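Notes to accompany the following structure.
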Amino acid sequence: MKSSMSATYSPYRDRIPLQIVRAEVELSAEERAYLTAVEKGDYAGVKHALREAEVYYNMDVNCLDPLGRSALLIAIENENLEIMELLLDHGIHTGDALLYAIRKEVVGAVELLLSHRRPSGEKQVPSLMMDSQFSEFTPDITPIMLAAHTNNYEIIKLLVQRKVTIPRPHQIRCDCVECVSSSEVDSLRHSRSRLNIYKALASPSLIALSSEDPILTAFRLGWELKELSKVENEFRQEYEELSQQCKRFAKDLLDQARSSRELETILNHRDNDQREELDPRQCHDLAKLKLAIKYHQKEKLDCSPLLRCLPALQCAAVCYTLLGGVIGCSSGGAVL
């Protein structure tokens, strides 16, 4: 019995057969040489290949390597701006190149792509290049959102200077046509899109560049993100982390005060939304600390320097109520 079983045993019996089910487009010899020249930074070789393609149509200048990269993406990855400019001058399709450059944080490449005017024929991009299933980025991700996700100050500044916008996030239970339709098609993707917007809005660099009152913006956004963490169960942790990021940013801004005058100006500053007719005797009313109470800002501040800078705060009741109760300083660190 045992001998018959051993006779039928095959070492390949417990193996899973594998085969390629998604065939890659075969590259011609000219296309391989062209992509290799881009990879090596061979400017003359790339220029020659592009000229040959214009005259003899012997290759597709928008061909992709086995990793799915076009010549332009390879040049971005290698930070070769000269070859990038050469490719753009010859009308190569840009596709997701701007998003790719932003993700790689290649500032020069981003600047070059922003200043490049697409040729009129760009709209007739081959479907393979523009099909969302071949894109590395979801449709809701815009250049400014991706730049904010990386928190790259230089790239964000380049985009903000061009008057870009970020979509305003809708309420969780918004019943507008867009939200209802998106939620019905894919509720998880709809929630992810909202998270992507808030992740961009919470970027310290974006807040610093685009907000007239970064501390107030950080306070409000931190509170809003904390509230969202209570209702968006799928992304609770992400919203909590973004809320803490905003609070740390507000704290770090306050820590930059170099003198009692600067700190006093910051703490008493009122946003336009808070303008009230005040008695002149109430001009030093610590508006920023009151905002901290309102938005539950409890990040730790070193209170000893704060109290030394502002002698007016050394009233024990005010110190304990405003500082100890709001931003979490302990009485052991304060002069009470």
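Starting from 1 in every chain, residues are counted up; chains themselves are A, B, ... following the order of the structure tokens, and ligands are numbered from 1 as listed.
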List the neighbours of Val164 (chain A) out to 12 Å using only C-alpha atoms; skip same-chain residues closer than 6 positions along the sequence, and give me the result as a PDB file with C-alpha atoms, in the first residue's frame.
```pdb
ATOM      1  CA  LEU A 114       3.640  74.790 -13.549  1.00  0.00           C
ATOM      2  CA  THR A 142      -5.361  67.824  -6.344  1.00  0.00           C
ATOM      3  CA  PRO A 143      -1.834  69.280  -6.509  1.00  0.00           C
ATOM      4  CA  ILE A 144      -2.375  71.648  -3.557  1.00  0.00           C
ATOM      5  CA  MET A 145      -3.862  68.858  -1.444  1.00  0.00           C
ATOM      6  CA  ALA A 147       1.556  69.353  -1.441  1.00  0.00           C
ATOM      7  CA  ILE A 156       2.727  74.935  -1.240  1.00  0.00           C
ATOM      8  CA  LYS A 157       3.903  78.516  -1.758  1.00  0.00           C
ATOM      9  CA  LEU A 158       4.325  77.962  -5.517  1.00  0.00           C
ATOM     10  CA  LEU A 206      -0.520  75.767   4.501  1.00  0.00           C
ATOM     11  CA  SER A 210      -2.752  81.193   3.853  1.00  0.00           C
TER      12      SER A 210
END
```
Ser70 (chain A) environment, 10 Å, only C-alpha atoms, sequence neighbours closer than 6 positions dropped, as a list in words: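 Near Ser70 (chain A), the qualifying residues are Leu35, Val38, Val61, Asn62, Cys63, Leu64, Ile76, Ile92, His93, Thr94, Gly95, Ala97 and Met129 of chain A.
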Atom pair CA of Glu31 (chain A) / CA of Asp60 (chain A): separation (Å): 7.1 Å
Counting only C-alpha atoms, the residue of A:Asn78, A:Ser260, A:Asn233, A:Ser115 that sits nearest Ser191 (chain A): A:Asn233
Between CA of Leu99 (chain A) and CA of Tyr43 (chain A), distance in Å (one decimal): 24.1 Å
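Our summary of the geometry notes that CA of Tyr56 (chain A) is positioned 16.6 Å from CA of Leu27 (chain A).
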Residues of region 5-67 of chain A in alpha helix (DSSP H), written as a ChimeraX atom specification: /A:5-8,29-40,43-56
Could you please take those selected residues and save C-alpha atoms as a short mmCIF file (atom, residue, chain, number, x, y, z; two decimals), in the first residue's frame?
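In the end it all went to result_21.cif:
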```
data_model
loop_
_atom_site.label_atom_id
_atom_site.label_comp_id
_atom_site.auth_asym_id
_atom_site.auth_seq_id
_atom_site.Cartn_x
_atom_site.Cartn_y
_atom_site.Cartn_z
CA MET A 5 1.31 5.75 -2.68
CA SER A 6 4.97 6.66 -2.97
CA ALA A 7 4.94 5.65 -6.61
CA THR A 8 2.18 8.17 -7.45
CA ALA A 29 14.61 48.54 -29.49
CA GLU A 30 14.34 52.29 -30.11
CA GLU A 31 12.00 52.78 -27.14
CA ARG A 32 14.28 50.80 -24.82
CA ALA A 33 17.27 52.87 -25.93
CA TYR A 34 15.26 56.07 -25.47
CA LEU A 35 14.17 55.22 -21.89
CA THR A 36 17.68 54.05 -21.03
CA ALA A 37 19.09 57.37 -22.21
CA VAL A 38 16.61 59.22 -19.99
CA GLU A 39 17.51 56.99 -17.03
CA LYS A 40 21.24 57.63 -17.52
CA TYR A 43 20.89 64.51 -22.91
CA ALA A 44 22.32 64.05 -26.41
CA GLY A 45 20.91 60.53 -26.67
CA VAL A 46 17.43 61.66 -25.61
CA LYS A 47 17.50 64.60 -28.01
CA HIS A 48 18.54 62.32 -30.89
CA ALA A 49 15.77 59.82 -30.08
CA LEU A 50 13.13 62.56 -29.99
CA ARG A 51 14.26 63.96 -33.34
CA GLU A 52 14.22 60.48 -34.89
CA ALA A 53 10.68 59.96 -33.59
CA GLU A 54 9.53 63.25 -35.12
CA VAL A 55 10.95 62.35 -38.54
CA TYR A 56 10.47 58.58 -38.81
#
```
